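Shown next: my_file-v6.cif, containing mmCIF, C-alpha atoms.
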```
data_target
#
loop_
_atom_site.label_atom_id
_atom_site.label_comp_id
_atom_site.auth_asym_id
_atom_site.auth_seq_id
_atom_site.Cartn_x
_atom_site.Cartn_y
_atom_site.Cartn_z
CA MET A 1 -8.84 3.26 -35.52
CA ILE A 2 -7.48 0.99 -32.78
CA TRP A 3 -5.13 3.50 -31.20
CA ASP A 4 -5.81 7.21 -31.13
CA VAL A 5 -3.63 8.87 -28.54
CA GLU A 6 -2.66 12.44 -27.81
CA LEU A 7 -1.02 13.22 -24.50
CA HIS A 8 0.49 16.35 -23.02
CA ARG A 9 2.21 16.35 -19.70
CA ALA A 10 4.87 18.54 -18.11
CA LEU A 11 6.90 16.48 -15.67
CA VAL A 12 8.81 18.69 -13.26
CA HIS A 13 11.26 16.88 -11.07
CA GLU A 14 13.37 19.07 -8.79
CA ARG A 15 15.11 21.38 -11.24
CA THR A 16 14.67 19.42 -14.45
CA ARG A 17 11.66 19.68 -16.67
CA PHE A 18 10.48 17.11 -19.17
CA ASP A 19 7.72 17.87 -21.63
CA LEU A 20 5.88 14.86 -22.91
CA GLU A 21 4.06 15.61 -26.17
CA VAL A 22 2.96 12.35 -27.67
CA ARG A 23 0.53 11.97 -30.50
CA PHE A 24 -0.11 8.95 -32.67
CA ALA A 25 -2.93 7.12 -34.38
CA SER A 26 -2.64 3.64 -35.77
CA ASP A 27 -4.61 0.62 -36.86
CA ALA A 28 -1.82 -1.81 -36.04
CA GLU A 29 -2.93 -4.74 -33.92
CA ARG A 30 0.57 -5.02 -32.58
CA LEU A 31 1.91 -1.53 -32.15
CA VAL A 32 5.37 -0.98 -30.72
CA LEU A 33 6.46 2.10 -28.80
CA HIS A 34 10.16 2.24 -29.51
CA GLY A 35 12.84 4.54 -28.12
CA ALA A 36 15.81 4.91 -25.81
CA SER A 37 15.26 4.79 -22.07
CA GLY A 38 14.07 8.13 -20.78
CA ALA A 39 12.13 8.87 -23.96
CA GLY A 40 8.82 8.80 -22.07
CA LYS A 41 7.60 5.37 -23.14
CA THR A 42 6.52 4.10 -19.73
CA GLN A 43 4.86 7.39 -18.84
CA THR A 44 2.90 7.24 -22.10
CA LEU A 45 1.77 3.69 -21.41
CA LYS A 46 0.77 4.54 -17.83
CA MET A 47 -1.30 7.48 -19.02
CA ILE A 48 -3.09 5.27 -21.52
CA ALA A 49 -3.80 2.79 -18.72
CA GLY A 50 -5.05 5.56 -16.44
CA ILE A 51 -2.51 5.03 -13.66
CA ALA A 52 -0.74 8.31 -14.48
CA ARG A 53 -2.51 11.55 -15.31
CA PRO A 54 -1.81 13.67 -18.36
CA ASP A 55 -2.34 17.45 -18.22
CA ARG A 56 -4.56 17.21 -21.27
CA GLY A 57 -5.11 15.11 -24.37
CA ARG A 58 -7.17 12.21 -25.63
CA VAL A 59 -7.01 8.43 -25.41
CA VAL A 60 -9.22 6.31 -27.63
CA VAL A 61 -8.59 2.57 -27.72
CA ALA A 62 -10.59 0.29 -30.01
CA ASP A 63 -13.17 3.04 -30.60
CA ARG A 64 -13.76 3.53 -26.90
CA ALA A 65 -12.97 6.99 -25.49
CA LEU A 66 -11.08 6.46 -22.22
CA TYR A 67 -9.88 9.99 -21.74
CA ASP A 68 -10.64 13.27 -23.40
CA SER A 69 -9.79 16.49 -21.63
CA ALA A 70 -11.81 18.55 -24.15
CA SER A 71 -15.07 16.74 -23.37
CA ARG A 72 -14.14 15.99 -19.73
CA ILE A 73 -14.05 12.24 -20.14
CA SER A 74 -11.67 10.53 -17.75
CA LEU A 75 -12.31 6.90 -16.94
CA SER A 76 -10.51 5.47 -13.94
CA ALA A 77 -7.91 2.77 -14.49
CA GLN A 78 -10.50 0.30 -13.17
CA GLU A 79 -13.02 1.29 -15.86
CA ARG A 80 -10.65 1.23 -18.83
CA ARG A 81 -10.60 -2.58 -19.29
CA LEU A 82 -6.97 -2.61 -20.42
CA GLY A 83 -4.60 -5.38 -19.41
CA TYR A 84 -1.21 -4.11 -18.22
CA VAL A 85 2.00 -6.07 -17.91
CA PHE A 86 4.58 -4.17 -15.86
CA GLN A 87 8.27 -4.23 -16.67
CA ASP A 88 9.14 -6.08 -13.47
CA TYR A 89 5.72 -7.79 -13.58
CA ALA A 90 4.51 -6.37 -10.24
CA LEU A 91 3.10 -9.69 -9.08
CA PHE A 92 1.53 -9.64 -5.63
CA PRO A 93 4.24 -11.20 -3.43
CA HIS A 94 1.79 -12.38 -0.76
CA LEU A 95 -0.39 -14.32 -3.20
CA THR A 96 0.17 -17.55 -5.11
CA VAL A 97 0.24 -17.78 -8.90
CA ARG A 98 -3.39 -18.89 -8.90
CA GLN A 99 -4.43 -16.04 -6.60
CA ASN A 100 -2.48 -13.55 -8.68
CA ILE A 101 -4.22 -14.65 -11.85
CA ALA A 102 -7.65 -14.69 -10.18
CA PHE A 103 -7.06 -11.32 -8.49
CA GLY A 104 -9.21 -9.26 -10.86
CA LEU A 105 -12.07 -11.75 -10.88
CA ARG A 106 -12.91 -10.95 -7.27
CA ARG A 107 -14.12 -7.41 -6.70
CA GLY A 108 -14.81 -7.55 -2.96
CA TRP A 109 -12.59 -6.78 0.02
CA LEU A 110 -11.09 -10.26 0.19
CA ASN A 111 -8.47 -11.90 -1.97
CA PRO A 112 -9.40 -15.06 -3.87
CA ALA A 113 -8.74 -18.17 -1.79
CA ARG A 114 -5.69 -20.30 -2.53
CA SER A 115 -8.04 -22.92 -3.93
CA PHE A 116 -10.04 -20.42 -6.02
CA ALA A 117 -11.39 -22.26 -9.06
CA ASP A 118 -12.80 -20.61 -12.14
CA ALA A 119 -12.93 -21.58 -15.79
CA ALA A 120 -11.00 -18.51 -16.93
CA VAL A 121 -8.26 -19.08 -14.34
CA GLU A 122 -7.92 -22.75 -15.35
CA ARG A 123 -7.74 -21.79 -18.98
CA TRP A 124 -4.85 -19.37 -18.51
CA ILE A 125 -3.00 -21.67 -16.13
CA ALA A 126 -3.19 -24.34 -18.83
CA THR A 127 -2.33 -22.00 -21.71
CA PHE A 128 0.82 -20.78 -19.97
CA HIS A 129 1.83 -24.17 -18.51
CA LEU A 130 1.60 -22.86 -14.96
CA GLY A 131 -0.20 -25.89 -13.49
CA ALA A 132 2.87 -27.18 -11.66
CA VAL A 133 3.52 -23.84 -9.98
CA ALA A 134 -0.07 -22.66 -9.44
CA GLY A 135 0.40 -22.91 -5.67
CA HIS A 136 3.81 -21.20 -5.66
CA TYR A 137 4.58 -17.64 -4.64
CA PRO A 138 6.17 -15.20 -7.12
CA HIS A 139 9.62 -15.34 -5.48
CA GLN A 140 9.69 -19.09 -6.17
CA LEU A 141 9.17 -18.65 -9.93
CA SER A 142 11.59 -18.39 -12.82
CA GLY A 143 11.64 -15.24 -14.95
CA GLY A 144 9.58 -16.82 -17.70
CA GLN A 145 6.97 -18.11 -15.25
CA ARG A 146 6.68 -14.66 -13.70
CA GLN A 147 6.13 -13.10 -17.07
CA ARG A 148 3.45 -15.66 -17.97
CA THR A 149 1.72 -15.16 -14.63
CA ALA A 150 1.65 -11.41 -15.22
CA LEU A 151 0.24 -11.98 -18.71
CA ALA A 152 -2.41 -14.36 -17.40
CA ARG A 153 -3.41 -11.87 -14.68
CA ALA A 154 -3.79 -9.15 -17.32
CA LEU A 155 -5.80 -11.37 -19.69
CA VAL A 156 -8.15 -13.12 -17.27
CA ASN A 157 -10.75 -10.34 -17.37
CA GLY A 158 -10.85 -10.33 -21.16
CA PRO A 159 -9.44 -6.80 -21.64
CA ASP A 160 -10.15 -4.69 -24.74
CA ALA A 161 -6.42 -4.29 -25.29
CA LEU A 162 -3.12 -5.30 -23.76
CA LEU A 163 -0.37 -2.89 -22.73
CA LEU A 164 3.09 -4.35 -22.16
CA ASP A 165 6.08 -2.50 -20.73
CA GLU A 166 9.35 -4.10 -21.88
CA PRO A 167 7.95 -7.60 -21.38
CA PHE A 168 11.21 -9.33 -22.34
CA ALA A 169 13.79 -6.99 -20.85
CA ALA A 170 14.20 -9.03 -17.65
CA LEU A 171 14.81 -12.31 -19.53
CA ASP A 172 17.84 -13.83 -21.24
CA LYS A 173 17.95 -13.74 -25.02
CA ALA A 174 16.97 -17.34 -25.77
CA LEU A 175 13.99 -17.24 -23.41
CA ALA A 176 12.99 -13.82 -24.72
CA ARG A 177 12.94 -15.19 -28.24
CA ARG A 178 10.72 -18.11 -27.27
CA LEU A 179 8.27 -15.98 -25.28
CA ARG A 180 8.16 -13.44 -28.07
CA GLY A 181 6.97 -16.23 -30.36
CA GLU A 182 4.37 -17.32 -27.82
CA LEU A 183 3.09 -13.79 -27.37
CA LYS A 184 2.78 -13.28 -31.10
CA GLU A 185 0.87 -16.51 -31.49
CA LEU A 186 -1.39 -15.63 -28.59
CA GLN A 187 -2.14 -12.22 -30.03
CA ALA A 188 -2.94 -13.68 -33.45
CA GLN A 189 -5.28 -16.17 -31.77
CA LEU A 190 -7.08 -13.75 -29.44
CA ARG A 191 -7.02 -10.77 -31.79
CA VAL A 192 -6.61 -8.55 -28.76
CA PRO A 193 -4.82 -5.32 -29.75
CA MET A 194 -1.43 -4.96 -28.16
CA LEU A 195 0.71 -1.93 -27.42
CA LEU A 196 4.21 -2.89 -26.48
CA ILE A 197 7.14 -0.84 -25.22
CA THR A 198 10.63 -1.80 -26.13
CA HIS A 199 14.11 -0.51 -26.82
CA ASP A 200 15.04 -3.88 -28.32
CA ASP A 201 15.28 -4.13 -32.11
CA ASP A 202 14.46 -7.86 -32.04
CA ASP A 203 11.04 -7.04 -30.62
CA LEU A 204 10.51 -4.56 -33.42
CA ARG A 205 11.45 -6.95 -36.18
CA ASP A 206 9.53 -9.95 -34.82
CA LEU A 207 6.42 -8.38 -33.40
CA ALA A 208 5.52 -5.03 -34.81
CA HIS A 209 2.72 -4.26 -37.24
CA GLY A 210 3.43 -0.63 -36.61
CA VAL A 211 6.02 1.44 -34.81
CA VAL A 212 5.88 4.70 -32.93
CA GLU A 213 9.35 6.11 -32.39
CA LEU A 214 9.74 8.23 -29.27
CA GLN A 215 12.62 10.58 -28.59
CA GLY A 216 12.85 13.05 -25.73
CA GLY A 217 9.11 12.85 -25.05
CA ARG A 218 8.09 13.41 -28.66
CA VAL A 219 7.05 11.18 -31.55
CA VAL A 220 9.73 11.36 -34.23
CA ALA A 221 8.32 8.87 -36.69
CA ALA A 222 4.65 8.38 -37.38
CA PRO A 223 3.55 4.75 -37.43
CA ALA A 224 4.34 3.25 -40.78
CA ALA A 225 2.59 0.11 -41.91
CA VAL A 226 5.17 -2.58 -41.31
CA GLU A 227 4.79 -5.78 -43.24
CA ALA A 228 2.43 -7.97 -41.23
CA THR A 229 3.78 -11.44 -40.55
CA MET B 1 -1.59 -8.62 46.77
CA GLU B 2 -5.17 -8.34 45.60
CA ALA B 3 -4.71 -4.63 45.01
CA ALA B 4 -1.85 -5.48 42.69
CA TRP B 5 -4.07 -7.74 40.56
CA ILE B 6 -6.70 -5.02 40.39
CA ALA B 7 -4.03 -2.56 39.26
CA LEU B 8 -2.77 -5.05 36.67
CA ALA B 9 -6.28 -5.65 35.31
CA LEU B 10 -6.87 -1.90 35.09
CA THR B 11 -3.52 -1.36 33.38
CA LEU B 12 -4.25 -4.04 30.79
CA LYS B 13 -7.69 -2.53 30.18
CA VAL B 14 -6.29 0.98 29.74
CA ALA B 15 -3.37 -0.14 27.55
CA GLY B 16 -5.66 -2.42 25.52
CA TRP B 17 -8.12 0.32 24.73
CA ALA B 18 -5.35 2.82 23.98
CA THR B 19 -3.73 0.34 21.58
CA ALA B 20 -7.02 -0.51 19.86
CA LEU B 21 -7.73 3.17 19.28
CA ASN B 22 -4.18 3.71 18.06
CA LEU B 23 -4.55 0.83 15.62
CA VAL B 24 -7.33 2.66 13.80
CA LEU B 25 -5.88 6.15 14.18
CA GLY B 26 -2.21 5.27 13.62
CA VAL B 27 -2.88 3.16 10.53
CA ALA B 28 -5.15 5.81 8.99
CA VAL B 29 -2.75 8.68 9.65
CA GLY B 30 0.32 6.60 8.72
CA TYR B 31 -1.30 5.68 5.40
CA ALA B 32 -2.32 9.28 4.69
CA ILE B 33 1.22 10.55 5.33
CA ALA B 34 2.89 7.71 3.41
CA ARG B 35 0.69 7.97 0.30
CA GLY B 36 -0.63 11.52 0.47
CA ARG B 37 1.06 14.27 -1.52
CA PHE B 38 0.10 17.42 0.32
CA PRO B 39 2.19 20.42 1.38
CA GLY B 40 3.31 20.48 5.00
CA ARG B 41 3.56 16.70 5.25
CA ASP B 42 6.82 16.94 7.18
CA VAL B 43 5.36 19.46 9.61
CA VAL B 44 2.36 17.22 10.29
CA ASP B 45 4.72 14.28 10.80
CA ALA B 46 6.84 16.28 13.26
CA VAL B 47 3.82 17.45 15.27
CA LEU B 48 2.43 13.91 15.46
CA THR B 49 5.81 12.62 16.64
CA LEU B 50 6.04 15.21 19.43
CA PRO B 51 4.50 12.94 22.12
CA MET B 52 7.53 10.69 21.71
CA VAL B 53 9.99 13.37 22.79
CA MET B 54 7.95 15.65 25.06
CA PRO B 55 7.93 14.97 28.80
CA PRO B 56 4.73 13.04 29.60
CA THR B 57 3.88 15.55 32.33
CA VAL B 58 3.86 18.32 29.74
CA LEU B 59 1.56 16.23 27.55
CA GLY B 60 -0.61 15.56 30.58
CA TYR B 61 -0.80 19.28 31.22
CA TYR B 62 -1.88 19.93 27.63
CA LEU B 63 -4.53 17.24 27.97
CA LEU B 64 -5.78 18.76 31.22
CA VAL B 65 -6.07 22.14 29.55
CA LEU B 66 -7.94 20.59 26.65
CA LEU B 67 -10.11 18.02 28.45
CA GLY B 68 -10.62 19.65 31.89
CA SER B 69 -14.05 20.96 32.81
CA HIS B 70 -12.88 24.45 31.89
CA GLY B 71 -10.98 23.27 28.82
CA ALA B 72 -12.21 23.87 25.29
CA PHE B 73 -13.13 20.25 24.53
CA GLY B 74 -13.85 19.19 28.11
CA ALA B 75 -16.47 21.92 28.63
CA TRP B 76 -18.15 20.94 25.36
CA LEU B 77 -18.25 17.27 26.37
CA ILE B 78 -19.85 18.08 29.72
CA GLU B 79 -22.35 20.47 28.23
CA HIS B 80 -23.54 18.18 25.41
CA PHE B 81 -23.01 14.69 26.76
CA GLY B 82 -22.40 15.08 30.48
CA ILE B 83 -19.11 13.22 30.04
CA ARG B 84 -16.18 13.99 32.35
CA LEU B 85 -12.85 12.50 31.33
CA ILE B 86 -10.59 13.87 34.06
CA PHE B 87 -9.98 11.40 36.94
CA THR B 88 -11.62 8.51 35.06
CA TRP B 89 -10.09 5.41 33.48
CA GLN B 90 -11.25 6.68 30.10
CA GLY B 91 -9.07 9.73 30.76
CA ALA B 92 -6.17 7.36 31.42
CA VAL B 93 -6.89 5.69 28.06
CA ILE B 94 -6.61 9.04 26.28
CA ALA B 95 -3.36 9.86 28.06
CA ALA B 96 -1.84 6.47 27.20
CA MET B 97 -3.13 6.72 23.65
CA VAL B 98 -1.53 10.11 23.01
CA VAL B 99 1.80 9.07 24.51
CA ALA B 100 1.97 5.81 22.53
CA PHE B 101 0.51 7.14 19.25
CA PRO B 102 3.82 8.02 17.54
CA LEU B 103 5.02 4.42 17.88
CA VAL B 104 2.09 3.10 15.84
CA PHE B 105 2.00 6.00 13.43
CA LYS B 106 5.75 5.86 12.70
CA ALA B 107 5.72 2.09 12.23
CA ALA B 108 2.65 2.26 10.00
CA ARG B 109 4.10 5.02 7.85
CA ALA B 110 7.38 3.14 7.39
CA ALA B 111 5.54 -0.11 6.64
CA PHE B 112 3.28 1.52 4.03
CA GLU B 113 6.27 3.19 2.40
CA THR B 114 7.89 -0.19 1.79
CA VAL B 115 4.87 -1.32 -0.26
CA ASP B 116 5.61 -0.77 -3.96
CA PRO B 117 2.97 1.64 -5.35
CA GLN B 118 3.19 -0.29 -8.62
CA LEU B 119 1.43 -3.22 -6.95
CA GLU B 120 -1.50 -0.92 -6.21
CA ASP B 121 -1.42 0.23 -9.85
CA ALA B 122 -1.46 -3.38 -10.98
CA ALA B 123 -4.56 -3.98 -8.88
CA ARG B 124 -6.21 -0.90 -10.44
CA THR B 125 -5.63 -2.13 -13.98
CA VAL B 126 -7.46 -5.39 -13.28
CA GLY B 127 -10.47 -3.45 -12.02
CA VAL B 128 -10.26 -3.73 -8.23
CA HIS B 129 -11.50 -0.57 -6.49
CA GLU B 130 -9.44 1.59 -4.15
CA VAL B 131 -10.79 0.47 -0.77
CA ALA B 132 -10.43 -3.19 -1.73
CA ILE B 133 -6.86 -2.53 -2.88
CA PHE B 134 -6.04 -1.22 0.59
CA PHE B 135 -7.37 -4.35 2.29
CA ARG B 136 -6.13 -6.84 -0.31
CA VAL B 137 -2.71 -5.49 -1.25
CA THR B 138 -1.43 -2.62 0.86
CA LEU B 139 -2.45 -3.77 4.34
CA PRO B 140 -1.40 -7.44 3.97
CA LEU B 141 2.05 -6.32 2.80
CA ALA B 142 2.43 -3.78 5.63
CA TRP B 143 0.76 -5.55 8.55
CA ARG B 144 3.87 -7.08 10.12
CA GLY B 145 5.52 -3.70 10.50
CA ILE B 146 2.27 -2.25 11.85
CA LEU B 147 1.86 -5.10 14.33
CA ALA B 148 5.40 -4.61 15.63
CA GLY B 149 4.60 -0.93 16.19
CA LEU B 150 1.32 -1.84 17.88
CA LEU B 151 3.05 -4.15 20.35
CA LEU B 152 5.62 -1.48 21.17
CA SER B 153 2.83 1.02 21.73
CA PHE B 154 1.07 -1.48 23.98
CA ALA B 155 4.26 -1.85 26.03
CA ARG B 156 4.63 1.92 26.17
CA ALA B 157 1.01 2.32 27.28
CA LEU B 158 1.52 -0.29 30.01
CA GLY B 159 4.31 1.76 31.51
CA GLU B 160 2.67 5.17 31.09
CA PHE B 161 3.05 7.28 34.25
CA GLY B 162 3.36 11.04 33.88
CA ALA B 163 0.52 11.96 31.58
CA THR B 164 -1.79 9.40 33.20
CA LEU B 165 -1.13 10.81 36.67
CA MET B 166 -1.86 14.34 35.45
CA VAL B 167 -5.09 13.44 33.69
CA ALA B 168 -6.52 10.54 35.67
CA GLY B 169 -4.87 10.89 39.07
CA SER B 170 -4.20 7.92 41.34
CA ILE B 171 -7.50 6.53 42.58
CA PRO B 172 -6.96 2.91 43.73
CA GLY B 173 -9.15 0.51 41.81
CA ARG B 174 -10.29 3.19 39.36
CA THR B 175 -7.37 5.02 37.83
CA GLN B 176 -4.35 3.68 39.69
CA THR B 177 -2.38 1.77 37.05
CA MET B 178 0.62 -0.47 37.76
CA SER B 179 3.31 2.15 37.34
CA ILE B 180 1.44 4.58 39.56
CA ALA B 181 0.78 1.84 42.14
CA VAL B 182 4.53 1.12 42.23
CA TYR B 183 5.22 4.77 42.98
CA GLU B 184 2.55 4.88 45.71
CA ALA B 185 3.80 1.62 47.27
CA VAL B 186 7.38 2.87 47.45
CA GLN B 187 6.25 6.21 48.87
CA ALA B 188 4.24 4.39 51.54
CA GLY B 189 7.17 2.06 52.38
CA GLN B 190 5.26 -1.08 51.27
CA ASP B 191 8.28 -2.90 49.88
CA ASP B 192 6.56 -6.26 49.40
CA ALA B 193 3.80 -4.75 47.32
CA ALA B 194 6.33 -2.71 45.31
CA ASN B 195 8.49 -5.77 44.61
CA PHE B 196 5.53 -7.79 43.45
CA LEU B 197 4.24 -5.00 41.19
CA VAL B 198 7.68 -4.44 39.69
CA ALA B 199 8.14 -8.14 38.98
CA VAL B 200 4.75 -8.46 37.27
CA THR B 201 5.32 -5.32 35.18
CA SER B 202 8.76 -6.50 34.09
CA ILE B 203 7.50 -9.90 33.00
CA VAL B 204 4.64 -8.41 30.96
CA CYS B 205 6.98 -5.92 29.25
CA VAL B 206 9.59 -8.55 28.36
CA ALA B 207 6.88 -10.79 26.92
CA VAL B 208 5.56 -7.97 24.75
CA LEU B 209 9.04 -7.03 23.50
CA LEU B 210 9.83 -10.64 22.62
CA ALA B 211 6.64 -10.84 20.61
CA ALA B 212 7.43 -7.56 18.86
CA GLY B 213 10.96 -8.74 18.05
CA ARG B 214 9.60 -11.74 16.21
CA LEU B 215 7.54 -9.50 13.98
CA VAL B 216 10.06 -6.90 12.85
CA PRO B 217 9.80 -6.50 9.07
CA GLY B 218 13.47 -7.35 8.48
CA ARG B 219 12.76 -10.97 9.26
CA VAL B 220 10.31 -11.41 6.45
CA ALA B 221 11.79 -9.02 3.90
CA ALA B 222 13.54 -11.89 2.12
CA ARG B 223 10.24 -13.65 1.55
CA GLY B 224 8.46 -10.48 0.54
CA SER B 225 10.24 -9.69 -2.72
#
```

Once you've parsed the file, please lay out its structure as structure tokens.
Amino acid sequence: MIWDVELHRALVHERTRFDLEVRFASDAERLVLHGASGAGKTQTLKMIAGIARPDRGRVVVADRALYDSASRISLSAQERRLGYVFQDYALFPHLTVRQNIAFGLRRGWLNPARSFADAAVERWIATFHLGAVAGHYPHQLSGGQRQRTALARALVNGPDALLLDEPFAALDKALARRLRGELKELQAQLRVPMLLITHDDDDLRDLAHGVVELQGGRVVAAPAAVEAT
Amino acid sequence: MEAAWIALALTLKVAGWATALNLVLGVAVGYAIARGRFPGRDVVDAVLTLPMVMPPTVLGYYLLVLLGSHGAFGAWLIEHFGIRLIFTWQGAVIAAMVVAFPLVFKAARAAFETVDPQLEDAARTVGVHEVAIFFRVTLPLAWRGILAGLLLSFARALGEFGATLMVAGSIPGRTQTMSIAVYEAVQAGQDDAANFLVAVTSIVCVAVLLAAGRLVPGRVAARGS
């Protein structure tokens, strides 16, 4: 099983209460978390990544137990080896494209130098056609370049799986379509499992091997095997 | 005139040490309040901001009570280390530090709060550990705001009078800082000395404020996002 997730979390904000009760298991290499905004998709993804804490539950990705409240397993986000692409990309504004991509390759107290060279960094800069803007800062990039930089940063460490939060929401339709194609191709090539959040039906149709439908913090449709393309 | 230069050197030494200590303390406390989620955060913030609004003489009195040879901390220092802080330049450093602390702490807290926590999350997901995240993401994005606060606190420490006088007194060449020397010169009718001291103090303060103005976060916000 690639994805085996069970998460319980009561989110209390001022006087409203939101109970997240998510449970799904799937073997889909490209699994889509689908639902309206406010359904708990991002929270679910953050808990899988380890940057938000569930009250209890279990997260197993690619046969590796990352979190299990019953047996007191709780790996830190750093130990989970999952790539994460944030909805607004969350690129480091004070670092260049090259430094952003290389960020996770340096574990010390200093950021990679502007001239940081490494085979993995070169590979992703080439793959995503970022050579011309490698020395640019995030605010100088187009939407598509930002998205590719975020993807490269998430992939450079060779993660066990890739988590993407609405990766195309910030882009116009034509660009979204093109990048969707690129992402699909990349996934097929790397065979890295992907869990993708979306409320866009195009993403579902073009990308999904399996779908988990979320509504009001609950799974309403178990992942069905969608025709693989 | 030579006395004035001695007073200036002493003032710079006292303000420099006070600012250096506030850099460490103000940044640490500002970060804890900005990112920490503990009950009573607002109360802690209010107490730490008190030195900004309380009369310096009142602060000086508190420090005397605490650090004097009969004070709780002062007695302990003398007993275990033989250190006396009252009527020393180190005492003046503590007075200036306490008075100027809120300026660094407030600036640091505000600067840290402008850093998007999602950037720290992004750094976590690529495997960088917490301490490194602070030095590689949080601090570089907040440092301009912190530096502006530091310069203001340096300027405030330069002009410190009330608390310093209470704690360190006015010993020429040892604890008599510029602002205290001005007061003594005027009291003694030494107008030339007073004029000179006032001119030097004014120039130093304007220079510091100009430097701080160039660093306010608003100027770089456009580049940041």

**Item:** Test item: the PyMOL selection byres ((chain A) within 10 of (chain B)) resolved as a PyMOL selection string
**Value:** chain A and resi 46+49-52+76-86+88-95+100-112+137-140+150+153-159

Residues matched by the PyMOL selection byres ((chain B and resi 98-113) around 6), written as an mmCIF file with C-alpha atoms, in the frame of the given file:
```cif
data_model
loop_
_atom_site.group_PDB
_atom_site.id
_atom_site.type_symbol
_atom_site.label_atom_id
_atom_site.label_comp_id
_atom_site.auth_asym_id
_atom_site.auth_seq_id
_atom_site.Cartn_x
_atom_site.Cartn_y
_atom_site.Cartn_z
ATOM 1 C CA ASN B 22 -4.180 3.710 18.060
ATOM 2 C CA GLY B 26 -2.210 5.270 13.620
ATOM 3 C CA VAL B 27 -2.880 3.160 10.530
ATOM 4 C CA GLY B 30 0.320 6.600 8.720
ATOM 5 C CA TYR B 31 -1.300 5.680 5.400
ATOM 6 C CA ALA B 34 2.890 7.710 3.410
ATOM 7 C CA THR B 49 5.810 12.620 16.640
ATOM 8 C CA PRO B 51 4.500 12.940 22.120
ATOM 9 C CA ALA B 95 -3.360 9.860 28.060
ATOM 10 C CA ALA B 96 -1.840 6.470 27.200
ATOM 11 C CA MET B 97 -3.130 6.720 23.650
ATOM 12 C CA THR B 114 7.890 -0.190 1.790
ATOM 13 C CA VAL B 115 4.870 -1.320 -0.260
ATOM 14 C CA ALA B 142 2.430 -3.780 5.630
ATOM 15 C CA GLY B 145 5.520 -3.700 10.500
ATOM 16 C CA ILE B 146 2.270 -2.250 11.850
ATOM 17 C CA GLY B 149 4.600 -0.930 16.190
ATOM 18 C CA LEU B 150 1.320 -1.840 17.880
ATOM 19 C CA SER B 153 2.830 1.020 21.730
ATOM 20 C CA ARG B 156 4.630 1.920 26.170
ATOM 21 C CA ALA B 157 1.010 2.320 27.280
#
```

**Prompt:** Can you list what the PyMOL selection byres ((chain A and resi 177) around 12) grabs from this structure, as a ChimeraX atom specification?
**Reply:** /A:144,167-169,171-176,178-184,200-203,205-207

Please give the centre and size of the box around region 64-69 of chain A (axis-aligned, containing every atom listed in the file, 6 Å added per side), with values in Å to one decimal and written as JSON.
```
{"center_x": -11.8, "center_y": 10.0, "center_z": -24.3, "size_x": 16.0, "size_y": 25.0, "size_z": 17.3}
```

**Item:** Length of the CA of Met178 (chain B) to CA of Leu215 (chain B) vector [Å]
**Value:** 26.4 Å

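When only C-alpha atoms are used to measure the gap to Thr11 (chain B), the shortest distance among B:Asn195, B:Gln187, B:Thr175, B:Ser202 belongs to B:Thr175.
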
Using all atoms listed in the file, determine which residues lie at most 7 Å from Ala208 (chain A), disregarding the query and same-chain residues fewer than 3 positions distant; provide the list as a short mmCIF file (atom, residue, chain, number, x, y, z; two decimals) with C-alpha atoms, in the frame of the given file.
```cif
data_model
loop_
_atom_site.label_atom_id
_atom_site.label_comp_id
_atom_site.auth_asym_id
_atom_site.auth_seq_id
_atom_site.Cartn_x
_atom_site.Cartn_y
_atom_site.Cartn_z
CA ARG A 30 0.57 -5.02 -32.58
CA LEU A 31 1.91 -1.53 -32.15
CA VAL A 32 5.37 -0.98 -30.72
CA LEU A 204 10.51 -4.56 -33.42
CA ARG A 205 11.45 -6.95 -36.18
CA VAL A 211 6.02 1.44 -34.81
CA VAL A 226 5.17 -2.58 -41.31
#
```

Give me region 108-114 of chain A from this structure - N, CA and C atoms, as a compact mmCIF listing (two decimals), in the first residue's frame.
```
# COMPACT_ATOMS: atom_id res chain seq x y z
N GLY A 108 23.87 22.47 7.35
CA GLY A 108 24.48 23.29 8.39
C GLY A 108 23.72 24.58 8.67
N TRP A 109 24.42 25.52 9.32
CA TRP A 109 23.80 26.78 9.73
C TRP A 109 23.87 27.86 8.67
N LEU A 110 24.50 27.52 7.52
CA LEU A 110 24.65 28.53 6.48
C LEU A 110 23.88 28.12 5.23
N ASN A 111 23.35 29.11 4.52
CA ASN A 111 22.67 28.83 3.27
C ASN A 111 23.68 28.50 2.19
N PRO A 112 23.26 27.71 1.19
CA PRO A 112 24.18 27.44 0.07
C PRO A 112 24.57 28.76 -0.59
N ALA A 113 25.80 28.83 -1.05
CA ALA A 113 26.28 30.06 -1.71
C ALA A 113 25.53 30.27 -3.01
N ARG A 114 25.56 31.52 -3.50
CA ARG A 114 24.88 31.81 -4.77
C ARG A 114 25.44 30.99 -5.91
```
